[in-house]
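Worksheet for the structure shown next.
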Amino acid sequence: HRTVAVDVMQNNLFIQSDMGLGARKHGLTLVAGSVQRPRRQQSLCRCCSERMGPRLLSNQVARITSKMPVCRAVGMETSRKETSQRPLLSEEDCRKLTPLHAGNIYENPALPMIKTANDLAVGLKTNLEDGILSSSEDERRNKYGANSVAKPEPPSFFKLILDALNEFTVLTLIGAGGVSLVLELWLAAKEGRDANVIESVSILAAVVVVVLVSAGNNWQKERQFRALEEVQSKSVVRAIRDGVEISLPVERVVVGDLLMLETGDILCADGVLVRGFNIRVDESHLTGESDEVSKEQCSSQALYSGSKLLSGVGFMLVTGVGSNSQSGMIADMISGENNGSQMALNLLDEETVLQKRLAAYASTIGIFGVAAAVTTTLIMSGKFTLDTFILGESTWHIDYLEQYLEFFITGVTILVVAIPEGLPLAVTISLAYSVMRMLDDNNLVRHLSAAETMGTATVICTDKTGTLTQNIMAITKVWLSGKEFMLTDIEQGEAGLATHASENQLSGFNTDIRHLLTEAIALNSTAKILKDSDGNITKSGNRTELALLGILPFLGSPMVFSMDYKKAQKDEYEAFVVGQQPFTSDRKRMASVVLMKYKDGSSKFRLYVKGAAEVILAKCTQALHYDGTMMPLDEEAKEGILESMHGDGRRLLCVAYKDLDVDVPDDEVAMCKFTESPRTLFQPEEVDDFEHSLTAIFIAGISDPLRPEVRSAIESCKKGGISVRMFTGDNQVTAASIATDCGILTDDDFGPNAVLPSEEFIKRIKNSQDEVDRESFLENWRDIRVLARCSPSDKYTIVESLKRFTDEIVAVTGDGTNDAPALRIANVGFAMNDGTQIAKEAADIILVDNNFASTVSAALWGRNVYSNISKFLQFQLTVNLVALITAAGGAIASAESPLTTVQMLWVNLIMDSLASLALATGYPDISLLEQKPYKKDHNFVDINGPLPKHILGQAAFQLMVMAWLLGPGPDVLGIDRHIVGSGASVHHTLVFNSFVMMQLFNQLNSRQIEDSRSILENIQNETLFQYVLGCELIFQFIIIQYGGQVFSTVPLSPAEWSISLGFGAMSLLLREVIRRI
C-alpha cells in the first residue's frame, strides 16, 4: 500500500511506499488538502448491514479518490493481487450482465458469482477506485472487442458507376448506340462492305466518359462526407486509470474501464453504475419508452450505450463495448440486413430544401426538353418519310432503319442536353465543399441543410458566457462579511489560481470566517483543480466554480479535503457532504447539506448555498459581519450591496449558509466517517426545503472578458440584416453592460423594453390561458435586445413563437442539456464544443471554438451556397437554352443537327459536371455579409434580379452568332458551307468550336452575379475554377485538332481559332453592357 501526503503551502504530492521503497513525485495532486492512503479493513454497509469496505484506520486520513454513496452492491475494494488471481469474466458473461430492462444485476441467476460490485470488479480484473491498469488496454480489447460498431462499407467506385448508369437518358443512349452499332455491323456484313462504326462507338465512349465523371464526382463527395463523419465521431470521456483521472477517446474505452458520469453525457458503452447521486437517464432510443429512468447502485444498475444522462453524477464500470453493447447489437443487425451498403448514416443521404427546389427546376426544364426532343425526332422522321417514300416513291429497305435510328439518337441527345441534371449536383457539390471548408472556420456541420439555412438566417439568439466572452473567469471584486474591495491585480486565467497579490486582503479576515468560507466553497462544488509535480495545473468542472476554488489557498485554512471535495477534516471536527441539490439553469443555485462531527461526539448539520447573487440574497435574512457578529439584511441593504458590486460586466455570485435543526438517527450519523465513502442522508427535494432564512457570507464579482472579435462580428451581422439578441442567465445590469460593450445594445436600442428579465417577458406575451399571444409577442419582441435570467424553457418558448408567428429564420446557441429542445426546434442550432453531449446531439452545427464569430462565418458560408448556385444557374440555363434551340432548330431546318451527338455529350459534360465543380465551389466574398439574407423561398430567376437579363442577353447573343454562322457566315468568312451527310467539315467544326468558346467565356462571366462586381475580382483565390476552366480549354483544343471522326471535327487554322475566341470574348464585353442596364 502507498502513503500519500500533500504539502498545503507548496501544493506538492509525495508518495511513499509502506514497504520502504522511498519517496517520489506523483502525477496529480489536490491544490489544497492533505491525504493518505492506508491499509483497509471491513466495515458495515449502512443499507444492508453486511460487511463491506474500504474502511481506513481511524488514525489515518482519506486516500485521494472520488467516493460516492456505497451500499452492499459495491462491496470492498479488492487489491490488484487478489484481482489478478481470479479468472476474467467471459464475453458471454458480460452480455448477460446488462440485458434490456435489467433490474438488480446482482440477483441475476445466470451469473450467481456476481453478488456485489466488488465481485464484478474482481471478475473484470479492475478496481472500483483506481480503474484498470493502462497496460491492460490491448489485452482487454482483444478479449472483449473494440468500442466501435461495424460501419457500412462506403459504396465502391463500381457501385457508383452502376448508380450513374441507372439514369433513363443514359440507358436510352446506351441502348440506341448499341442498336446502331449492331445494325451497322449486320448491314455491313450483309452488303459485304467495311462497317462504319465510328459514330456508334463514339456515342458509347462519350457515355462512358460522362458516367465515369459523374461517378467520380459522387466518389469525391462520399470521401468528403466520410472525412466529416470521422471528425464528428471524435469525442472523449473522463475515465479513471491507474488511479488518475484522464480524458480518454471513446474508441479506446474497454471493458473494465471506470468512467465518470455527469449530467449531459451520452453513454458510449454498456456498464454498471457502481456509485452515483440522483442518476436519471433517457433510454428511449432502445426501449421506445419516453419516461425518464432512475438508476441506483442498490437496485437498478444497468446503463446502456446511447443513453442520455439527464441528471446526476456518478461512476460506471464498463461491461460491454462496440458490438457487444445493446446499441452495437442493434447496429450490427441493421448493417447485416442492409449488407452494409445503404445505412443512412452520412450526410449524403440528406436531401436539403435547396436540392429539392432545384430538382423541381430541373424537372420543369426537363418537360420542355422532352417536348423539344420528341418534336425534333418526329419532324425529322416525318420529313425524311415524306421526301423518301411519298415524294421519292422509294420502297422500304432495311438500310432506312439506320436513318430513323439516327433521328432517334439525335432526339435523345437533345433530351440529354436539355435536362439540367447538373442543378441538384451543383447544390450537393457546393454543400459538400462548404461543410468541409466551414470546419476550417470552426463550424462542425452535423446536418447538411444547416449549411444552406444559415444563408437565410435573420435572427441569432446567442448565449453570453464563452460565446461572446472568453470564458476566462476572474474574481475582480469581493464583498466579504460586510467589507468590499477590488482584486484588480488578481490573475487567474488558465491557471485558475489567485496570485499572491490578493493574499494579504483575503488572509486578513477573522480565522473563523476564512474557515467558514473555505468550507462553503469547497464542499459545495463539482469542480476540481489538480496540480502535478511539475507545477502543471489540471482543471475540471465549471469555470465559475473554478474561479472560486482558485482563492482557497489564500484563505489560509488548514482544512484537509478529499479529492472530490465531499469530505473535509480539521482539528475540531470532520465534515461530510450528505445531501446535494445540483445547479440548474432554472434554480440558478446549488446547495449542499454538510454533516459536521466534532471530536467530543456532538454533531450538527449545515447548509451551504451558492448561486446568482440576487437569488441567494432574496433568501437571506442576515449577513455575517467581519467581526463575527450577525447583521440584519433588509431589502434596502441588499439592493445597496448589489448596486455597489455591479459594473464592468461583472456577474455576481453569492455564498451563504444556514445551521440546520434536523433530527437524524444517531446510527445514521455514526455511519458517516472520514475514512469511508460519503453517505446520502438528504434527497435533493429535501435540500430544497432548507433554502430559506440564510446568512450571507461572501459575494464575488466575476469578470469574463469580451472576445476581441465579437464586436466586429456583430457589426457584420447588423450590416447583413441579421438581428442579434442575447439570452443570458446573468442579471439585467451585467447583461446590459456586456451587450453594450459588444454592440448588441446601442444608444438607439436603449429603450425601456430593450433589456428585460426573461420572466417578465414571458409574462407579457402569455394570455390568461398560459399560451403565447401572437399580438403580444410581436409587440414585445420588436424592442427586446437582451433577456436576462433566461431559462432554457423560456428560450424554447421564444424560439418556438418566433417560428410560429414570424417569417424569421432563427439560429440559436446553447451548451447545456436543458438547451437541447431550443437547439432542436431552431432553424439552425449551434452547440458549444464545451457543451454537453446531449446539446451537441440536438444541434445542427457545433462551434469548435465556442465563439460567436464562428456563427457569422457560418452565415457567410450559407450565403455563399446560394451565391454559387446562382452562378451555376446563370451559366446552366444560358447554355441549355442555346444548345436546345441550336440542336433542335438546326436538325429541323436541315435534317441534320449542326452539333453531333458526341459533341453535344461533350457540351453536356461541360454544362453539368465540370461547370458545377468550377462554379459551385467558389470561395465566399466577405461582401456577402453586406447584403440582406436570402429568403427561404428565394427565387433564383426573379425577374427583378440580375440573373434573367444576363441569361436572356447572353442567350440572345449566342443564338445570333450561331444563326449567322449557320447562315451567311461561311460566305463572309470564305469557307465551304457544310453539305448534309458529308461528314466532318470546317464549317460545322467552326460552329461547334465557337459555341463551346462562348460557353467557356460565359462561365467566366458567371463568376459574378452582382452587376457591381468585376468578373476577375478575387479570381486568384479560386484555383479550382482556374484549373477546371484551363482543362476545358485544353480538352476543347485536343477535340478540335485531333478529334477527327470520333467528334466529327477537322483541324482549324489559327485564323479560324481567332474567330471562335473572338466570339467568346465578345460575351465578356456584352456582360459589361448588360450590367449597366
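Please note that chains go A, B, ... in the order of the C-alpha cells, that every chain numbers its residues from 1, and that ligands are numbered from 1 in the order shown.
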Could you list, as a list in words, every residue within 12 Å of Met630 of chain A, counting only C-alpha atoms and ignoring same-chain residues fewer than 5 positions away?
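Everything that qualifies: Ser481, Gly482, Ile513, Cys620, Thr621, Gln622, Ala623, Leu624, His625, Leu694, Thr695, Ala696 and Ile697 of chain A.
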Backbone DSSP call of strand (DSSP E) for segment 659-816 of chain A, listed as a list in words:
Asp659, Leu660, Leu694, Thr695, Ala696, Ile697, Phe698, Ile699, Ala700, Gly701, Ile702, Ser703, Ser723, Val724, Arg725, Met726, Phe727, Val755, Leu756, Pro757, Val786, Leu787, Ala788, Val810, Ala811, Val812, Thr813 and Gly814 of chain A
Requested write-out: N, CA and C atoms of the selected residues, as a PDB file, in the first residue's frame:
ATOM      1  N   ASP A 659     -27.273  27.002   9.621  1.00  0.00           N
ATOM      2  CA  ASP A 659     -27.196  25.847  10.508  1.00  0.00           C
ATOM      3  C   ASP A 659     -28.587  25.242  10.632  1.00  0.00           C
ATOM      4  N   LEU A 660     -28.663  23.931  10.404  1.00  0.00           N
ATOM      5  CA  LEU A 660     -29.956  23.253  10.338  1.00  0.00           C
ATOM      6  C   LEU A 660     -30.300  22.591  11.663  1.00  0.00           C
ATOM      7  N   LEU A 694     -31.351  32.328   5.147  1.00  0.00           N
ATOM      8  CA  LEU A 694     -29.908  32.076   5.030  1.00  0.00           C
ATOM      9  C   LEU A 694     -29.097  33.249   5.565  1.00  0.00           C
ATOM     10  N   THR A 695     -27.816  32.990   5.793  1.00  0.00           N
ATOM     11  CA  THR A 695     -26.857  34.013   6.224  1.00  0.00           C
ATOM     12  C   THR A 695     -25.817  34.209   5.130  1.00  0.00           C
ATOM     13  N   ALA A 696     -25.739  35.423   4.602  1.00  0.00           N
ATOM     14  CA  ALA A 696     -24.780  35.717   3.534  1.00  0.00           C
ATOM     15  C   ALA A 696     -23.373  35.838   4.103  1.00  0.00           C
ATOM     16  N   ILE A 697     -22.403  35.257   3.372  1.00  0.00           N
ATOM     17  CA  ILE A 697     -21.003  35.342   3.792  1.00  0.00           C
ATOM     18  C   ILE A 697     -20.181  36.149   2.796  1.00  0.00           C
ATOM     19  N   PHE A 698     -20.404  35.885   1.516  1.00  0.00           N
ATOM     20  CA  PHE A 698     -19.418  36.267   0.507  1.00  0.00           C
ATOM     21  C   PHE A 698     -20.138  36.530  -0.813  1.00  0.00           C
ATOM     22  N   ILE A 699     -19.735  37.590  -1.494  1.00  0.00           N
ATOM     23  CA  ILE A 699     -20.209  37.847  -2.858  1.00  0.00           C
ATOM     24  C   ILE A 699     -18.991  38.100  -3.725  1.00  0.00           C
ATOM     25  N   ALA A 700     -18.905  37.365  -4.819  1.00  0.00           N
ATOM     26  CA  ALA A 700     -17.781  37.506  -5.745  1.00  0.00           C
ATOM     27  C   ALA A 700     -18.264  38.178  -7.016  1.00  0.00           C
ATOM     28  N   GLY A 701     -17.564  39.223  -7.416  1.00  0.00           N
ATOM     29  CA  GLY A 701     -17.809  39.848  -8.706  1.00  0.00           C
ATOM     30  C   GLY A 701     -16.863  39.240  -9.715  1.00  0.00           C
ATOM     31  N   ILE A 702     -17.421  38.449 -10.628  1.00  0.00           N
ATOM     32  CA  ILE A 702     -16.592  37.673 -11.560  1.00  0.00           C
ATOM     33  C   ILE A 702     -16.652  38.296 -12.939  1.00  0.00           C
ATOM     34  N   SER A 703     -15.503  38.618 -13.468  1.00  0.00           N
ATOM     35  CA  SER A 703     -15.412  39.217 -14.801  1.00  0.00           C
ATOM     36  C   SER A 703     -15.018  38.159 -15.818  1.00  0.00           C
ATOM     37  N   SER A 723     -30.362  40.176 -37.109  1.00  0.00           N
ATOM     38  CA  SER A 723     -30.553  40.755 -35.780  1.00  0.00           C
ATOM     39  C   SER A 723     -29.972  39.815 -34.733  1.00  0.00           C
ATOM     40  N   VAL A 724     -29.178  40.366 -33.812  1.00  0.00           N
ATOM     41  CA  VAL A 724     -28.560  39.572 -32.749  1.00  0.00           C
ATOM     42  C   VAL A 724     -29.233  39.908 -31.422  1.00  0.00           C
ATOM     43  N   ARG A 725     -29.780  38.888 -30.776  1.00  0.00           N
ATOM     44  CA  ARG A 725     -30.394  39.054 -29.460  1.00  0.00           C
ATOM     45  C   ARG A 725     -29.623  38.185 -28.466  1.00  0.00           C
ATOM     46  N   MET A 726     -29.432  38.690 -27.268  1.00  0.00           N
ATOM     47  CA  MET A 726     -28.659  37.964 -26.258  1.00  0.00           C
ATOM     48  C   MET A 726     -29.597  37.387 -25.196  1.00  0.00           C
ATOM     49  N   PHE A 727     -29.536  36.078 -25.029  1.00  0.00           N
ATOM     50  CA  PHE A 727     -30.269  35.382 -23.969  1.00  0.00           C
ATOM     51  C   PHE A 727     -29.237  34.901 -22.960  1.00  0.00           C
ATOM     52  N   VAL A 755     -33.962  45.720 -22.502  1.00  0.00           N
ATOM     53  CA  VAL A 755     -33.394  44.728 -21.597  1.00  0.00           C
ATOM     54  C   VAL A 755     -34.452  44.363 -20.565  1.00  0.00           C
ATOM     55  N   LEU A 756     -34.841  43.098 -20.561  1.00  0.00           N
ATOM     56  CA  LEU A 756     -35.877  42.660 -19.629  1.00  0.00           C
ATOM     57  C   LEU A 756     -35.484  41.329 -19.003  1.00  0.00           C
ATOM     58  N   PRO A 757     -35.935  41.088 -17.783  1.00  0.00           N
ATOM     59  CA  PRO A 757     -35.805  39.737 -17.242  1.00  0.00           C
ATOM     60  C   PRO A 757     -36.677  38.798 -18.066  1.00  0.00           C
ATOM     61  N   VAL A 786     -32.041  42.176 -25.134  1.00  0.00           N
ATOM     62  CA  VAL A 786     -31.366  41.327 -24.154  1.00  0.00           C
ATOM     63  C   VAL A 786     -32.413  40.754 -23.200  1.00  0.00           C
ATOM     64  N   LEU A 787     -32.359  39.445 -23.006  1.00  0.00           N
ATOM     65  CA  LEU A 787     -33.189  38.791 -22.000  1.00  0.00           C
ATOM     66  C   LEU A 787     -32.267  38.295 -20.889  1.00  0.00           C
ATOM     67  N   ALA A 788     -32.469  38.825 -19.688  1.00  0.00           N
ATOM     68  CA  ALA A 788     -31.652  38.440 -18.544  1.00  0.00           C
ATOM     69  C   ALA A 788     -32.331  37.318 -17.772  1.00  0.00           C
ATOM     70  N   VAL A 810     -34.359  31.439 -37.561  1.00  0.00           N
ATOM     71  CA  VAL A 810     -33.749  31.619 -36.244  1.00  0.00           C
ATOM     72  C   VAL A 810     -32.579  30.665 -36.036  1.00  0.00           C
ATOM     73  N   ALA A 811     -31.451  31.238 -35.646  1.00  0.00           N
ATOM     74  CA  ALA A 811     -30.302  30.447 -35.199  1.00  0.00           C
ATOM     75  C   ALA A 811     -30.153  30.647 -33.694  1.00  0.00           C
ATOM     76  N   VAL A 812     -29.862  29.574 -32.983  1.00  0.00           N
ATOM     77  CA  VAL A 812     -29.782  29.613 -31.525  1.00  0.00           C
ATOM     78  C   VAL A 812     -28.493  28.945 -31.075  1.00  0.00           C
ATOM     79  N   THR A 813     -27.842  29.528 -30.080  1.00  0.00           N
ATOM     80  CA  THR A 813     -26.664  28.893 -29.482  1.00  0.00           C
ATOM     81  C   THR A 813     -27.033  28.345 -28.105  1.00  0.00           C
ATOM     82  N   GLY A 814     -26.369  27.289 -27.699  1.00  0.00           N
ATOM     83  CA  GLY A 814     -26.612  26.694 -26.387  1.00  0.00           C
ATOM     84  C   GLY A 814     -25.539  25.688 -26.052  1.00  0.00           C
TER      85      GLY A 814
END
So that I can check the surroundings of Ser644 of chain A, please list as a list in words every protein, DNA and RNA residue that reaches within 12 Å of it, counting only C-alpha atoms and ignoring chain neighbours fewer than 2 positions away.
Lys477, Val478, Trp479, Lys483, Glu484, Phe485, Met486, Ala637, Lys638, Glu639, Gly640, Ile641, Leu642, His646, Gly647, Asp648, Arg650, Leu652, Ile699, Ala700, Gly701 and Val733 of chain A
Expected answer as a ChimeraX atom specification: alpha helix (DSSP H) residues in segment 824-920 of chain A
/A:824-825,837-842,852-894,901-909,915-919
All residues 9 Å or closer to Leu248 of chain A, only C-alpha atoms, same chain fewer than 2 positions away omitted, as a list of chain:residue names
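Near Leu248 of chain A, the qualifying residues are A:Ser235, A:Val236, A:Val237, A:Arg238, A:Ala239, A:Ile246, A:Val250, A:Glu251, A:Arg252, A:Val253.
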Save out the residues we just selected, C-alpha atoms, as an mmCIF file, in the first residue's frame.
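Wrote selection21.cif, looks like this:
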data_model
loop_
_atom_site.group_PDB
_atom_site.id
_atom_site.type_symbol
_atom_site.label_atom_id
_atom_site.label_comp_id
_atom_site.auth_asym_id
_atom_site.auth_seq_id
_atom_site.Cartn_x
_atom_site.Cartn_y
_atom_site.Cartn_z
ATOM 1 C CA SER A 235 -15.179 12.521 -28.657
ATOM 2 C CA VAL A 236 -13.644 11.821 -25.276
ATOM 3 C CA VAL A 237 -14.861 10.638 -21.885
ATOM 4 C CA ARG A 238 -13.490 11.086 -18.391
ATOM 5 C CA ALA A 239 -12.082 7.855 -17.024
ATOM 6 C CA ILE A 246 -7.735 11.077 -17.724
ATOM 7 C CA VAL A 250 -14.304 6.916 -26.910
ATOM 8 C CA GLU A 251 -12.790 4.364 -29.262
ATOM 9 C CA ARG A 252 -10.186 3.450 -26.615
ATOM 10 C CA VAL A 253 -12.734 2.601 -23.925
#
At a cut-off of 7 Å, using only C-alpha atoms, what residues contact Met559 of chain A? Leave out same-chain residues fewer than 2 positions from it and give the result as an MDAnalysis selection string.
chainID A and resid 33 557 561 568:570
Could you save those same residues with all heavy atoms as a PDB file, in the first residue's frame?
ATOM      1  N   GLY A  33      -5.093  20.657   0.706  1.00  0.00           N
ATOM      2  CA  GLY A  33      -5.521  19.471   1.442  1.00  0.00           C
ATOM      3  C   GLY A  33      -4.398  18.475   1.574  1.00  0.00           C
ATOM      4  O   GLY A  33      -3.409  18.538   0.883  1.00  0.00           O
ATOM      5  N   SER A 557      -6.785  28.330   5.295  1.00  0.00           N
ATOM      6  CA  SER A 557      -7.426  27.352   6.175  1.00  0.00           C
ATOM      7  C   SER A 557      -6.617  26.057   6.177  1.00  0.00           C
ATOM      8  O   SER A 557      -6.156  25.596   5.130  1.00  0.00           O
ATOM      9  CB  SER A 557      -8.851  27.062   5.694  1.00  0.00           C
ATOM     10  OG  SER A 557      -9.420  26.009   6.442  1.00  0.00           O
ATOM     11  N   PHE A 561      -9.164  18.226   2.472  1.00  0.00           N
ATOM     12  CA  PHE A 561     -10.311  17.813   1.672  1.00  0.00           C
ATOM     13  C   PHE A 561      -9.991  16.548   0.882  1.00  0.00           C
ATOM     14  O   PHE A 561      -8.844  16.320   0.488  1.00  0.00           O
ATOM     15  CB  PHE A 561     -10.708  18.913   0.682  1.00  0.00           C
ATOM     16  CG  PHE A 561     -11.178  20.174   1.332  1.00  0.00           C
ATOM     17  CD1 PHE A 561     -10.292  21.211   1.560  1.00  0.00           C
ATOM     18  CD2 PHE A 561     -12.490  20.333   1.728  1.00  0.00           C
ATOM     19  CE1 PHE A 561     -10.702  22.382   2.168  1.00  0.00           C
ATOM     20  CE2 PHE A 561     -12.915  21.485   2.327  1.00  0.00           C
ATOM     21  CZ  PHE A 561     -12.026  22.518   2.560  1.00  0.00           C
ATOM     22  N   ALA A 568     -14.206  16.812   4.476  1.00  0.00           N
ATOM     23  CA  ALA A 568     -13.177  17.731   4.962  1.00  0.00           C
ATOM     24  C   ALA A 568     -12.822  17.358   6.387  1.00  0.00           C
ATOM     25  O   ALA A 568     -13.621  16.752   7.117  1.00  0.00           O
ATOM     26  CB  ALA A 568     -13.660  19.179   4.881  1.00  0.00           C
ATOM     27  N   GLN A 569     -11.626  17.734   6.819  1.00  0.00           N
ATOM     28  CA  GLN A 569     -11.165  17.383   8.162  1.00  0.00           C
ATOM     29  C   GLN A 569     -10.290  18.506   8.708  1.00  0.00           C
ATOM     30  O   GLN A 569      -9.450  19.068   7.992  1.00  0.00           O
ATOM     31  CB  GLN A 569     -10.364  16.079   8.109  1.00  0.00           C
ATOM     32  CG  GLN A 569      -9.989  15.540   9.465  1.00  0.00           C
ATOM     33  CD  GLN A 569      -9.209  14.243   9.337  1.00  0.00           C
ATOM     34  OE1 GLN A 569      -8.185  14.214   8.665  1.00  0.00           O
ATOM     35  NE2 GLN A 569      -9.682  13.194   9.979  1.00  0.00           N
ATOM     36  N   LYS A 570     -10.533  18.850   9.969  1.00  0.00           N
ATOM     37  CA  LYS A 570      -9.658  19.773  10.694  1.00  0.00           C
ATOM     38  C   LYS A 570      -9.581  19.297  12.141  1.00  0.00           C
ATOM     39  O   LYS A 570     -10.196  18.275  12.508  1.00  0.00           O
ATOM     40  CB  LYS A 570     -10.167  21.212  10.583  1.00  0.00           C
ATOM     41  CG  LYS A 570     -11.543  21.450  11.139  1.00  0.00           C
ATOM     42  CD  LYS A 570     -11.986  22.911  10.960  1.00  0.00           C
ATOM     43  CE  LYS A 570     -11.095  23.853  11.723  1.00  0.00           C
ATOM     44  NZ  LYS A 570     -11.635  25.240  11.721  1.00  0.00           N
TER      45      LYS A 570
END
Contact residues around Leu909 of chain A with only C-alpha atoms at 10 Å, ignoring same-chain residues under 6 positions, as a VMD selection string:
chain A and resid 206 to 207 209 to 211 213 to 214 417 422 903 915 to 916 1032
What does the file look like for those residues with N, CA and C atoms, as a PDB file, in the first residue's frame?
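As written to disk, selection_18.pdb reads:
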ATOM      1  N   ALA A 206     -18.521   8.283 -75.338  1.00  0.00           N
ATOM      2  CA  ALA A 206     -18.879   9.529 -74.660  1.00  0.00           C
ATOM      3  C   ALA A 206     -19.740   9.253 -73.437  1.00  0.00           C
ATOM      4  N   VAL A 207     -20.650   8.285 -73.566  1.00  0.00           N
ATOM      5  CA  VAL A 207     -21.475   7.911 -72.415  1.00  0.00           C
ATOM      6  C   VAL A 207     -20.594   7.379 -71.283  1.00  0.00           C
ATOM      7  N   VAL A 209     -17.515   8.188 -70.651  1.00  0.00           N
ATOM      8  CA  VAL A 209     -16.830   9.324 -70.034  1.00  0.00           C
ATOM      9  C   VAL A 209     -17.773  10.069 -69.083  1.00  0.00           C
ATOM     10  N   VAL A 210     -19.008  10.339 -69.544  1.00  0.00           N
ATOM     11  CA  VAL A 210     -19.975  11.039 -68.711  1.00  0.00           C
ATOM     12  C   VAL A 210     -20.251  10.256 -67.432  1.00  0.00           C
ATOM     13  N   VAL A 211     -20.412   8.942 -67.564  1.00  0.00           N
ATOM     14  CA  VAL A 211     -20.691   8.092 -66.404  1.00  0.00           C
ATOM     15  C   VAL A 211     -19.507   8.095 -65.437  1.00  0.00           C
ATOM     16  N   VAL A 213     -17.183  10.411 -65.059  1.00  0.00           N
ATOM     17  CA  VAL A 213     -17.069  11.715 -64.409  1.00  0.00           C
ATOM     18  C   VAL A 213     -18.125  11.856 -63.321  1.00  0.00           C
ATOM     19  N   SER A 214     -19.353  11.428 -63.618  1.00  0.00           N
ATOM     20  CA  SER A 214     -20.428  11.502 -62.620  1.00  0.00           C
ATOM     21  C   SER A 214     -20.100  10.638 -61.413  1.00  0.00           C
ATOM     22  N   VAL A 417     -29.104  17.018 -73.334  1.00  0.00           N
ATOM     23  CA  VAL A 417     -28.614  18.382 -73.184  1.00  0.00           C
ATOM     24  C   VAL A 417     -29.656  19.262 -72.501  1.00  0.00           C
ATOM     25  N   GLY A 422     -27.431  18.835 -63.804  1.00  0.00           N
ATOM     26  CA  GLY A 422     -26.341  19.440 -63.037  1.00  0.00           C
ATOM     27  C   GLY A 422     -26.819  20.343 -61.922  1.00  0.00           C
ATOM     28  N   GLN A 903     -20.601  15.536 -79.837  1.00  0.00           N
ATOM     29  CA  GLN A 903     -20.287  16.918 -79.489  1.00  0.00           C
ATOM     30  C   GLN A 903     -21.225  17.436 -78.385  1.00  0.00           C
ATOM     31  N   ALA A 915     -18.786  22.306 -65.002  1.00  0.00           N
ATOM     32  CA  ALA A 915     -19.203  23.656 -64.593  1.00  0.00           C
ATOM     33  C   ALA A 915     -19.654  23.680 -63.140  1.00  0.00           C
ATOM     34  N   SER A 916     -20.343  22.625 -62.700  1.00  0.00           N
ATOM     35  CA  SER A 916     -20.771  22.598 -61.302  1.00  0.00           C
ATOM     36  C   SER A 916     -19.575  22.534 -60.381  1.00  0.00           C
ATOM     37  N   GLU A1032     -10.805  22.544 -69.524  1.00  0.00           N
ATOM     38  CA  GLU A1032     -11.832  22.580 -70.577  1.00  0.00           C
ATOM     39  C   GLU A1032     -11.252  23.147 -71.872  1.00  0.00           C
TER      40      GLU A1032
END
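The neighbours of Thr921 of chain A here are the residues that come within 9 Å of it, using only C-alpha atoms and leaving out any residue fewer than 3 positions away in the same chain; they are Ala426, Ile429, Ser430, Leu431, Ala432, Tyr433, Ser434, Val865, Asn868, Ser916, Leu917, Ala918, Glu1022, Leu1024 and Phe1025 of chain A.
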